>>> print(open('coords01.csv').read())   # CSV, C-alpha atoms and all ligand atoms
chain,number,residue,atom,x,y,z
R,574,ILE,CA,140.5,103.0,103.4
R,575,GLU,CA,138.6,106.3,102.8
R,576,SER,CA,140.6,109.3,101.8
R,577,HIS,CA,140.8,110.9,105.3
R,578,ASN,CA,141.5,107.4,106.6
R,579,SER,CA,144.2,106.4,104.2
R,580,ALA,CA,147.6,106.6,105.8
R,581,GLU,CA,149.3,108.1,102.8
R,582,ASP,CA,147.2,111.2,102.5
R,583,ASP,CA,145.7,111.5,106.0
R,584,SER,CA,145.8,115.1,107.2
R,585,SER,CA,145.6,114.0,110.8
R,586,GLU,CA,148.5,113.2,113.0
R,587,SER,CA,148.5,109.6,111.9
R,588,SER,CA,149.5,110.5,108.3
R,589,GLY,CA,153.0,111.1,109.6
R,590,ALA,CA,152.9,114.8,108.7
R,591,GLN,CA,153.8,115.7,112.3
R,592,TYR,CA,155.5,112.3,112.8
R,593,PRO,CA,158.9,111.2,111.5
R,594,GLN,CA,158.3,108.6,108.7
R,595,ASP,CA,160.8,106.2,110.2
R,596,LEU,CA,159.0,106.0,113.5
R,597,ARG,CA,155.7,105.1,111.9
R,598,SER,CA,154.5,101.6,112.1
R,599,VAL,CA,155.6,99.4,109.1
R,600,LEU,CA,152.1,98.0,109.3
R,601,VAL,CA,150.8,101.3,108.2
R,602,THR,CA,153.5,102.4,105.8
R,603,SER,CA,153.9,99.0,104.1
R,604,VAL,CA,151.9,95.9,105.1
R,605,LEU,CA,148.5,97.5,105.2
R,606,ASN,CA,149.2,100.2,102.6
R,607,LEU,CA,147.7,98.5,99.5
R,608,GLU,CA,148.3,99.6,96.0
R,609,GLN,CA,145.1,100.2,94.0
R,610,LEU,CA,145.2,98.5,90.5
R,611,ASP,CA,141.6,99.2,89.5
R,612,ILE,CA,138.2,99.8,91.0
R,613,ASP,CA,137.9,97.3,94.0
R,614,LEU,CA,141.2,95.6,93.0
R,615,TYR,CA,144.2,96.0,95.2
R,616,ARG,CA,147.7,94.5,95.6
R,617,GLY,CA,149.4,93.8,98.9
R,618,THR,CA,153.0,93.0,99.7
R,619,HIS,CA,154.6,91.0,102.5
R,620,HIS,CA,156.8,92.1,105.4
R,621,TRP,CA,157.2,89.2,107.9
R,622,VAL,CA,156.6,85.5,107.0
R,623,PRO,CA,156.5,82.9,109.8
R,624,ARG,CA,158.8,79.9,109.9
R,625,THR,CA,156.0,77.9,108.3
R,626,ARG,CA,156.9,79.8,105.1
R,627,ARG,CA,153.3,80.3,104.3
R,628,LEU,CA,151.9,83.8,104.5
R,629,PHE,CA,150.9,84.9,108.0
R,630,GLY,CA,147.2,84.6,108.3
R,631,GLY,CA,147.0,87.9,110.1
R,632,GLN,CA,148.6,89.7,107.2
R,633,ILE,CA,146.0,88.4,104.7
R,634,ILE,CA,143.1,89.2,107.1
R,635,GLY,CA,144.4,92.7,107.8
R,636,GLN,CA,145.0,93.4,104.1
R,637,ALA,CA,141.5,92.0,103.1
R,638,LEU,CA,139.9,94.3,105.7
R,639,VAL,CA,141.8,97.3,104.3
R,640,ALA,CA,140.5,96.4,100.8
R,641,ALA,CA,137.0,96.0,102.0
R,642,ALA,CA,137.0,99.3,103.9
R,643,LYS,CA,138.2,101.3,100.9
R,644,SER,CA,134.7,101.5,99.4
R,645,VAL,CA,132.9,102.1,102.7
R,646,SER,CA,132.0,105.6,103.8
R,647,ASP,CA,133.7,107.4,106.7
R,648,ASP,CA,130.7,107.2,109.0
R,649,LEU,CA,130.6,103.4,109.0
R,650,TYR,CA,132.7,101.4,111.4
R,651,ALA,CA,134.1,97.8,110.9
R,652,HIS,CA,132.2,95.6,113.4
R,653,SER,CA,132.9,92.1,112.2
R,654,LEU,CA,134.6,89.8,109.7
R,655,HIS,CA,134.5,86.1,108.9
R,656,CYS,CA,137.0,84.4,106.7
R,657,TYR,CA,138.3,81.1,105.5
R,658,PHE,CA,141.9,80.4,104.6
R,659,VAL,CA,141.5,78.1,101.6
R,660,ARG,CA,145.1,77.8,100.3
R,661,ALA,CA,148.5,78.6,101.7
R,662,GLY,CA,149.8,82.1,100.8
R,663,ASP,CA,153.0,82.1,98.7
R,664,PRO,CA,155.6,84.6,100.1
R,665,LYS,CA,157.2,84.8,96.7
R,666,VAL,CA,154.4,86.7,95.0
R,667,PRO,CA,152.1,89.6,96.0
R,668,VAL,CA,148.5,89.1,96.9
R,669,LEU,CA,145.6,90.6,94.9
R,670,TYR,CA,142.4,91.6,96.7
R,671,GLN,CA,139.2,91.6,94.7
R,672,VAL,CA,136.3,93.3,96.5
R,673,ASP,CA,132.6,92.7,95.8
R,674,ARG,CA,130.2,95.4,97.1
R,675,THR,CA,127.8,92.8,98.4
R,676,ARG,CA,125.3,95.2,100.0
R,677,ASP,CA,125.0,98.8,101.1
R,678,GLY,CA,122.1,98.8,103.6
R,679,ARG,CA,120.7,101.6,105.8
R,680,SER,CA,122.7,100.7,108.9
R,681,PHE,CA,124.9,97.8,107.7
R,682,THR,CA,127.2,97.6,104.7
R,683,VAL,CA,128.8,94.3,103.7
R,684,ARG,CA,131.8,93.6,101.5
R,685,SER,CA,133.1,90.3,100.2
R,686,VAL,CA,136.8,90.0,99.5
R,687,LYS,CA,138.8,87.3,97.6
R,688,ALA,CA,142.6,87.3,98.3
R,689,ILE,CA,144.1,85.8,95.1
R,690,GLN,CA,147.5,84.3,94.2
R,691,HIS,CA,148.4,82.4,91.0
R,692,GLY,CA,144.9,82.9,89.9
R,693,GLN,CA,143.4,81.1,92.8
R,694,PRO,CA,141.8,82.3,96.1
R,695,ILE,CA,143.9,81.8,99.2
R,696,LEU,CA,141.4,83.6,101.5
R,697,ILE,CA,137.7,84.4,101.2
R,698,CYS,CA,136.4,87.0,103.6
R,699,GLN,CA,133.2,88.9,104.4
R,700,ALA,CA,133.4,92.1,106.4
R,701,SER,CA,130.5,94.1,107.8
R,702,PHE,CA,130.4,97.8,108.7
R,703,GLN,CA,127.8,99.7,110.7
R,704,LEU,CA,126.7,103.2,111.4
R,705,LEU,CA,127.2,104.2,115.0
R,706,GLN,CA,124.0,103.3,116.7
R,707,PRO,CA,124.1,103.6,120.6
R,708,SER,CA,122.0,101.3,122.7
R,709,PRO,CA,121.1,100.9,126.4
R,710,LEU,CA,122.1,97.2,126.1
R,711,GLN,CA,125.7,97.3,127.1
R,712,HIS,CA,127.7,94.7,129.0
R,713,GLN,CA,131.1,92.9,128.9
R,714,PHE,CA,133.0,90.4,131.0
R,715,PRO,CA,135.6,91.9,133.4
R,716,MET,CA,139.1,92.2,132.1
R,717,PRO,CA,141.6,89.6,133.6
R,718,VAL,CA,143.9,91.0,136.3
R,719,VAL,CA,147.5,90.7,135.1
R,720,PRO,CA,150.8,92.7,135.6
R,721,GLN,CA,151.1,95.9,133.6
R,722,PRO,CA,153.3,95.8,130.4
R,723,GLU,CA,155.8,98.1,132.0
R,724,ASP,CA,156.4,95.3,134.6
R,725,LEU,CA,157.0,92.6,132.0
R,726,PRO,CA,159.9,91.7,129.7
R,727,THR,CA,159.6,91.9,126.0
R,728,VAL,CA,159.9,88.7,123.8
R,729,GLU,CA,163.4,89.9,122.9
R,730,GLU,CA,164.4,90.3,126.5
R,731,ILE,CA,163.1,86.8,127.3
R,732,ILE,CA,165.0,85.3,124.4
R,733,GLN,CA,168.2,87.1,125.5
R,734,ARG,CA,167.8,85.5,129.0
R,735,TYR,CA,167.4,82.0,127.4
R,736,LEU,CA,170.5,82.7,125.3
R,737,SER,CA,172.5,83.5,128.4
R,738,LYS,CA,171.9,80.0,129.9
R,739,PRO,CA,175.1,78.0,129.8
R,740,ASP,CA,173.5,74.6,129.1
R,741,LEU,CA,171.7,75.7,126.0
R,742,THR,CA,172.2,73.4,123.0
R,743,GLU,CA,173.7,74.8,119.8
R,744,SER,CA,170.5,74.1,117.8
R,745,ALA,CA,168.4,75.9,120.5
R,746,LYS,CA,170.8,78.9,120.3
R,747,GLN,CA,170.4,79.0,116.5
R,748,GLY,CA,166.7,78.8,116.8
R,749,LEU,CA,166.5,81.6,119.4
R,750,ASN,CA,168.9,83.8,117.3
R,751,LYS,CA,166.7,83.3,114.3
R,752,LEU,CA,163.7,84.3,116.4
R,753,LEU,CA,165.6,87.4,117.5
R,754,ALA,CA,166.4,88.3,113.9
R,755,THR,CA,162.8,88.2,112.7
R,756,GLU,CA,161.1,91.6,112.2
R,757,VAL,CA,157.7,90.8,113.6
R,758,PRO,CA,155.9,94.2,113.3
R,759,ILE,CA,154.2,93.8,116.7
R,760,GLU,CA,155.7,94.0,120.1
R,761,VAL,CA,154.7,91.3,122.5
R,762,LYS,CA,155.1,90.9,126.3
R,763,PRO,CA,153.9,87.5,127.6
R,764,VAL,CA,152.2,87.6,131.0
R,765,SER,CA,153.8,84.2,131.9
R,766,PRO,CA,156.9,83.6,129.7
R,767,ALA,CA,157.4,80.0,130.8
R,768,GLN,CA,153.8,79.1,130.0
R,769,PHE,CA,153.8,81.2,126.7
R,770,TYR,CA,156.8,79.2,125.4
R,771,ARG,CA,155.4,75.9,126.7
R,772,HIS,CA,158.1,75.3,129.2
R,773,VAL,CA,155.4,74.4,131.7
R,774,SER,CA,152.2,72.7,130.6
R,775,GLY,CA,148.9,73.7,131.8
R,776,GLN,CA,145.5,75.0,130.7
R,777,PRO,CA,145.0,75.9,127.0
R,778,ARG,CA,145.1,79.6,127.9
R,779,ARG,CA,147.7,82.3,127.6
R,780,LEU,CA,147.8,86.1,127.9
R,781,PHE,CA,150.2,88.6,126.5
R,782,TRP,CA,150.4,92.3,125.9
R,783,ALA,CA,150.6,93.3,122.2
R,784,ARG,CA,150.9,96.5,120.2
R,785,ALA,CA,152.0,97.6,116.7
R,786,ARG,CA,155.7,98.5,116.6
R,787,GLY,CA,155.9,102.2,115.7
R,788,HIS,CA,153.4,105.0,115.7
R,789,ILE,CA,149.9,105.0,114.1
R,790,GLY,CA,148.1,107.8,115.8
R,791,GLU,CA,144.5,108.8,116.5
R,792,GLY,CA,141.3,108.9,114.5
R,793,ASN,CA,141.8,106.1,112.1
R,794,MET,CA,139.5,103.4,113.5
R,795,LYS,CA,139.3,101.4,110.3
R,796,LEU,CA,143.1,101.2,110.2
R,797,HIS,CA,143.4,100.3,113.9
R,798,CYS,CA,140.8,97.4,113.2
R,799,CYS,CA,143.0,96.2,110.3
R,800,VAL,CA,146.1,96.2,112.6
R,801,ALA,CA,144.1,94.4,115.3
R,802,ALA,CA,143.1,91.8,112.7
R,803,TYR,CA,146.8,91.4,112.0
R,804,VAL,CA,147.6,91.0,115.7
R,805,SER,CA,144.7,88.7,116.4
R,806,ASP,CA,146.2,85.8,114.5
R,807,PHE,CA,149.5,86.0,116.3
R,808,ALA,CA,150.1,83.0,118.7
R,809,LEU,CA,146.3,82.4,118.9
R,810,LEU,CA,146.3,78.8,117.4
R,811,GLY,CA,149.3,77.8,119.4
R,812,THR,CA,147.1,78.1,122.5
R,813,VAL,CA,145.6,74.7,121.6
R,814,LEU,CA,149.0,73.0,122.1
R,815,LEU,CA,149.7,74.3,125.6
R,816,PRO,CA,148.3,71.2,127.5
R,817,TYR,CA,150.3,68.8,125.4
R,818,PRO,CA,154.1,69.1,126.2
R,819,LYS,CA,154.7,65.6,124.9
R,820,TYR,CA,153.7,66.7,121.4
R,821,LYS,CA,155.0,69.2,118.9
R,822,ALA,CA,153.4,70.6,115.8
R,823,ARG,CA,154.1,68.8,112.5
R,824,PHE,CA,151.5,70.7,110.5
R,825,THR,CA,149.4,73.6,111.8
R,826,ALA,CA,147.4,76.0,109.8
R,827,SER,CA,144.5,78.3,110.5
R,828,LEU,CA,141.3,77.2,108.7
R,829,ASP,CA,139.0,80.1,109.5
R,830,HIS,CA,139.0,83.3,111.5
R,831,ALA,CA,136.1,85.4,112.8
R,832,MET,CA,136.5,88.8,114.6
R,833,TRP,CA,134.2,91.3,116.2
R,834,PHE,CA,135.1,94.9,117.0
R,835,HIS,CA,133.3,96.3,120.1
R,836,SER,CA,134.9,99.6,121.0
R,837,THR,CA,137.4,102.2,119.8
R,838,PHE,CA,141.0,101.5,120.6
R,839,ARG,CA,144.6,102.3,119.6
R,840,SER,CA,146.4,99.3,118.1
R,841,ASP,CA,149.7,101.1,118.6
R,842,GLU,CA,149.1,101.2,122.4
R,843,TRP,CA,149.4,98.1,124.7
R,844,MET,CA,146.4,95.9,124.5
R,845,LEU,CA,146.0,92.7,126.5
R,846,TYR,CA,145.4,89.6,124.3
R,847,GLU,CA,143.6,86.9,126.3
R,848,CYS,CA,143.7,83.6,124.3
R,849,ASP,CA,142.1,80.3,125.3
R,850,SER,CA,141.0,77.1,123.6
R,851,PRO,CA,137.7,75.5,124.7
R,852,TRP,CA,138.0,72.5,122.5
R,853,ALA,CA,140.4,70.3,120.4
R,854,GLY,CA,139.8,67.0,118.5
R,855,SER,CA,139.9,65.4,115.1
R,856,SER,CA,143.2,67.1,114.2
R,857,ARG,CA,141.5,70.5,114.8
R,858,GLY,CA,141.5,73.0,117.6
R,859,LEU,CA,139.3,76.0,118.4
R,860,ALA,CA,141.0,79.1,119.8
R,861,GLN,CA,139.3,82.2,121.1
R,862,GLY,CA,140.8,85.6,121.8
R,863,ARG,CA,139.8,88.8,123.5
R,864,LEU,CA,141.7,92.1,123.0
R,865,TRP,CA,141.4,94.4,126.1
R,866,ARG,CA,142.2,98.1,126.3
R,867,ARG,CA,144.3,99.0,129.4
R,868,ASP,CA,141.3,100.7,130.9
R,869,GLY,CA,139.4,97.4,131.0
R,870,VAL,CA,137.2,98.0,128.0
R,871,LEU,CA,136.8,95.0,125.7
R,872,ALA,CA,138.0,96.2,122.3
R,873,ALA,CA,137.6,93.1,120.1
R,874,SER,CA,136.9,89.3,120.2
R,875,CYS,CA,137.9,86.6,117.8
R,876,SER,CA,137.5,82.9,117.2
R,877,GLN,CA,139.6,80.7,115.0
R,878,GLU,CA,139.7,77.0,114.1
R,879,GLY,CA,142.9,75.4,112.9
R,880,VAL,CA,144.2,72.1,111.7
R,881,LEU,CA,146.9,70.7,114.1
R,882,ARG,CA,148.8,67.5,113.2
R,883,VAL,CA,151.3,66.7,115.9
R,884,LYS,CA,154.1,64.2,116.6
R,885,PRO,CA,155.5,63.0,119.9
R,886,VAL,CA,158.4,65.0,121.3
R,887,PRO,CA,161.5,62.6,121.7
R,888,GLU,CA,162.0,61.8,125.4
R,889,ASN,CA,165.4,63.5,125.8
R,890,SER,CA,164.7,66.6,123.8
R,891,LYS,CA,164.4,70.1,125.4
R,892,LEU,CA,161.8,72.3,123.9
R,901,LIG,C1,144.3,73.5,105.5
R,901,LIG,C2,144.7,73.0,104.1
R,901,LIG,C3,146.2,72.5,104.1
R,901,LIG,C4,143.8,71.8,103.8
R,901,LIG,O1,144.1,71.4,102.5
R,901,LIG,P1,144.0,69.9,102.0
R,901,LIG,O2,144.2,69.8,100.6
R,901,LIG,O3,142.8,69.2,102.6
R,901,LIG,O4,145.3,69.4,102.7
R,901,LIG,P2,145.5,68.2,103.7
R,901,LIG,O5,145.0,68.5,105.0
R,901,LIG,O6,145.0,66.9,103.2
R,901,LIG,O7,147.1,68.1,103.8
R,901,LIG,C5,147.8,69.3,104.3
R,901,LIG,C6,149.1,68.8,104.8
R,901,LIG,O8,148.9,67.9,105.9
R,901,LIG,C7,149.5,66.7,105.5
R,901,LIG,N1,148.6,65.6,106.0
R,901,LIG,C8,147.4,65.4,105.5
R,901,LIG,N2,146.8,64.4,106.2
R,901,LIG,C9,147.7,64.1,107.2
R,901,LIG,C10,147.7,63.1,108.2
R,901,LIG,N3,146.6,62.3,108.5
R,901,LIG,N4,148.8,63.1,109.0
R,901,LIG,C11,149.8,63.9,108.8
R,901,LIG,N5,149.9,64.8,107.8
R,901,LIG,C12,148.8,64.9,107.0
R,901,LIG,C13,149.6,66.7,104.0
R,901,LIG,O9,150.6,65.9,103.6
R,901,LIG,C14,149.9,68.1,103.8
R,901,LIG,O10,151.2,68.4,104.0
R,901,LIG,P3,152.1,69.1,102.9
R,901,LIG,O11,152.0,68.2,101.7
R,901,LIG,O12,151.4,70.5,102.6
R,901,LIG,O13,153.5,69.3,103.4
R,901,LIG,C15,144.5,74.1,103.1
R,901,LIG,O14,143.1,74.4,103.1
R,901,LIG,C16,145.3,75.3,103.4
R,901,LIG,O15,146.5,75.3,103.3
R,901,LIG,N6,144.7,76.4,103.8
R,901,LIG,C17,145.4,77.6,104.1
R,901,LIG,C18,145.8,77.6,105.6
R,901,LIG,C19,146.6,78.8,105.9
R,901,LIG,O16,147.6,79.2,105.2
R,901,LIG,N7,146.3,79.6,107.0
R,901,LIG,C20,146.9,80.8,107.3
R,901,LIG,C21,148.3,80.7,107.7
R,901,LIG,S1,148.6,79.7,109.1
R,901,LIG,C22,148.7,80.9,110.3
R,901,LIG,O17,148.9,82.1,110.0
R,901,LIG,C23,148.5,80.6,111.7
R,901,LIG,C24,149.8,80.3,112.3
R,901,LIG,C25,149.8,78.9,112.8
R,901,LIG,O18,150.9,80.5,111.5
R,901,LIG,C26,149.9,81.4,113.4
R,901,LIG,C27,150.6,80.9,114.6
R,901,LIG,O19,151.9,80.8,114.5
R,901,LIG,O20,149.9,80.6,115.6
>>> encode(input="coords01.csv", output="structure tokens", more="lines below")
Ligand SMILES: CC(C)(COP(=O)([O-])OP(=O)([O-])OC[C@H]1O[C@@H](n2cnc3c(N)ncnc32)[C@H](O)[C@@H]1OP(=O)([O-])[O-])[C@@H](O)C(=O)NCCC(=O)NCCSC(=O)C[C@@](C)(O)CC(=O)[O-]
Amino acid sequence: IESHNSAEDDSSESSGAQYPQDLRSVLVTSVLNLEQLDIDLYRGTHHWVPRTRRLFGGQIIGQALVAAAKSVSDDLYAHSLHCYFVRAGDPKVPVLYQVDRTRDGRSFTVRSVKAIQHGQPILICQASFQLLQPSPLQHQFPMPVVPQPEDLPTVEEIIQRYLSKPDLTESAKQGLNKLLATEVPIEVKPVSPAQFYRHVSGQPRRLFWARARGHIGEGNMKLHCCVAAYVSDFALLGTVLLPYPKYKARFTASLDHAMWFHSTFRSDEWMLYECDSPWAGSSRGLAQGRLWRRDGVLAASCSQEGVLRVKPVPENSKL
């Protein structure tokens, strides 16, 4: 991302000059801090890999947007991206990002990015950037009314509560301790924990507060969009499964992901992620997300379709 926007040499607060390095978000210092190998060619490394042992889609989207943004001038803002996940990412090798400067228009600039491993694309992505162009046409839906993050438990606190239950099976204990041990670089506070973890079935809809772990700082909107892209793939596809407690995932994977950035925001401050799924069928499900600033401004929207192949949950099992 442009010189004054790149975390490693940013003169602003977010560069870490006035901020202890160890308190800065690992998303900035590591995951989204790509190594440049050549013009428009970058390499990204991994930090957290989901239990599916395929690279987390949010990481690949976020890194692709970082690569796209590197050749875009400071006065342009990321406003949308569209991507397909065409192969599973391999956590054992880094990812190369090859950027094509598709078009530099008067108001809009478009970049195409190919994320490559083992010589093959794993993700193809187009990202578009726009000059700031105010307009009298402005509206948004109202933000959902939910408890504030200060009034909700973190995922870690919820897991600790489950772990303290006397009738917990050994395998459930192991699974929960594994979850506790993962270093997901985002903090999450489910609005309804029982619904978030599918302990009660209901509508294909769930809300949670999310923010990057650690400090990022002001003034780096391209970087905050890359972090939001990372966050946007977290727990989104799982929304499709919420109405089906009698089934568990056997194979799930995101197929595509589209995202639109509407307003400035800070991804290292609590944002409400409202996820819902309007449709499922043919072993696929569509999930949509809206990221809200605490002051009620809609910061970003996203849509994702995924493949979901499920199997019945045995009668006596406890999720
Ligand atoms: C989507 C594919 C796999 C399509 O690629 P394809 O070659 O068409 O593969 P496929 O759909 O025919 O088979 C895929 C798997 O489903 C199985 N399969 C096949 N047919 C059936 C069937 N009828 N019934 C049951 N199983 C079936 C098949 O055996 C195979 O299993 P595997 O051999 O890999 O273990 C490929 O394009 C791909 O891998 N794309 C990349 C997807 C990806 O990596 N997305 C990002 C990561 S996923 C993510 O981050 C979201 C998530 C879920 O982790 C976040 C969250 O936790 O919410």
>>> closest_residue(input="coords01.csv", among="R:Gly879, R:Gly748, R:Pro885, R:Gly862", to="ligand LIG 901 (chain R)", atoms="all atoms listed in the file")
R:Gly879
>>> residues_around(input="coords01.csv", residues="Gln733 of chain R", least_positions_apart="6", cutoff="10 Å", atoms="only C-alpha atoms", output="list in words")
Thr727, Leu749, Asn750 and Leu753 of chain R
>>> closest_residue(input="coords01.csv", among="R:Met716, R:Ala853, R:Val668, R:Cys799", to="Leu780 of chain R", atoms="only C-alpha atoms")
R:Met716
>>> residues_near_ligand(input="coords01.csv", ligand="ligand LIG 901 (chain R)", cutoff="10 Å", atoms="all atoms listed in the file", output="VMD selection string")
chain R and resid 622 to 634 657 to 663 694 to 696 803 805 to 813 822 to 830 855 to 856 860 877 to 884
>>> closest_residue(input="coords01.csv", among="R:Gln861, R:Gln636, R:Ser701, R:Ser646", to="Arg779 of chain R", atoms="only C-alpha atoms")
R:Gln861
>>> axis_aligned_box(input="coords01.csv", around="segment 803-811 of chain R", padding_each_side="6 Å", output="lines of an AutoDock Vina configuration file")
center_x = 147.4
center_y = 84.6
center_z = 115.7
size_x = 17.4
size_y = 25.6
size_z = 19.4
>>> closest_residue(input="coords01.csv", among="R:Gln690, R:Ser685, R:Pro758, R:Asp849", to="Arg616 of chain R", atoms="all atoms listed in the file")
R:Gln690
>>> atom_distance(input="coords01.csv", atom1="atom CA of Pro777 of chain R", atom2="atom CA of Glu743 of chain R")
29.6 Å
>>> closest_residue(input="coords01.csv", among="R:His772, R:Arg676, R:Pro818, R:Asp740", to="Glu888 of chain R", atoms="all atoms listed in the file")
R:Pro818
>>> residues_around(input="coords01.csv", residues="segment 760-765 of chain R", least_positions_apart="4", cutoff="8 Å", atoms="all atoms listed in the file", output="list in words")
Val719, Pro720, Pro722, Leu725, Pro726, Thr727, Val728, Phe769, Arg779, Leu780, Phe781, Trp782, Ala783, Arg784, Ala785 and Arg786 of chain R
>>> build_atoms(input="coords01.csv", residues="segment 698-709 of chain R", atoms="N, CA and C atoms", output="mmCIF file, in the frame of the given file")
data_model
loop_
_atom_site.group_PDB
_atom_site.id
_atom_site.type_symbol
_atom_site.label_atom_id
_atom_site.label_comp_id
_atom_site.auth_asym_id
_atom_site.auth_seq_id
_atom_site.Cartn_x
_atom_site.Cartn_y
_atom_site.Cartn_z
ATOM 1 N N CYS R 698 136.694 86.242 102.374
ATOM 2 C CA CYS R 698 136.400 87.000 103.600
ATOM 3 C C CYS R 698 135.128 87.844 103.367
ATOM 4 N N GLN R 699 134.285 87.893 104.405
ATOM 5 C CA GLN R 699 133.200 88.900 104.400
ATOM 6 C C GLN R 699 133.398 89.803 105.574
ATOM 7 N N ALA R 700 133.231 91.079 105.307
ATOM 8 C CA ALA R 700 133.400 92.100 106.400
ATOM 9 C C ALA R 700 132.144 92.956 106.402
ATOM 10 N N SER R 701 131.729 93.334 107.618
ATOM 11 C CA SER R 701 130.500 94.100 107.800
ATOM 12 C C SER R 701 130.826 95.420 108.543
ATOM 13 N N PHE R 702 130.202 96.507 108.103
ATOM 14 C CA PHE R 702 130.400 97.800 108.700
ATOM 15 C C PHE R 702 129.078 98.408 109.107
ATOM 16 N N GLN R 703 129.061 99.166 110.197
ATOM 17 C CA GLN R 703 127.800 99.700 110.700
ATOM 18 C C GLN R 703 127.877 101.160 111.063
ATOM 19 N N LEU R 704 126.752 101.833 110.903
ATOM 20 C CA LEU R 704 126.700 103.200 111.400
ATOM 21 C C LEU R 704 126.749 103.156 112.935
ATOM 22 N N LEU R 705 127.242 104.202 113.549
ATOM 23 C CA LEU R 705 127.200 104.200 115.000
ATOM 24 C C LEU R 705 125.770 104.275 115.483
ATOM 25 N N GLN R 706 125.364 103.283 116.257
ATOM 26 C CA GLN R 706 124.000 103.300 116.700
ATOM 27 C C GLN R 706 123.945 102.899 118.207
ATOM 28 N N PRO R 707 124.038 103.896 119.112
ATOM 29 C CA PRO R 707 124.100 103.600 120.600
ATOM 30 C C PRO R 707 122.895 102.806 121.023
ATOM 31 N N SER R 708 123.054 102.157 122.173
ATOM 32 C CA SER R 708 122.000 101.300 122.700
ATOM 33 C C SER R 708 122.104 101.237 124.226
ATOM 34 N N PRO R 709 120.980 101.084 124.967
ATOM 35 C CA PRO R 709 121.100 100.900 126.400
ATOM 36 C C PRO R 709 121.586 99.509 126.776
#
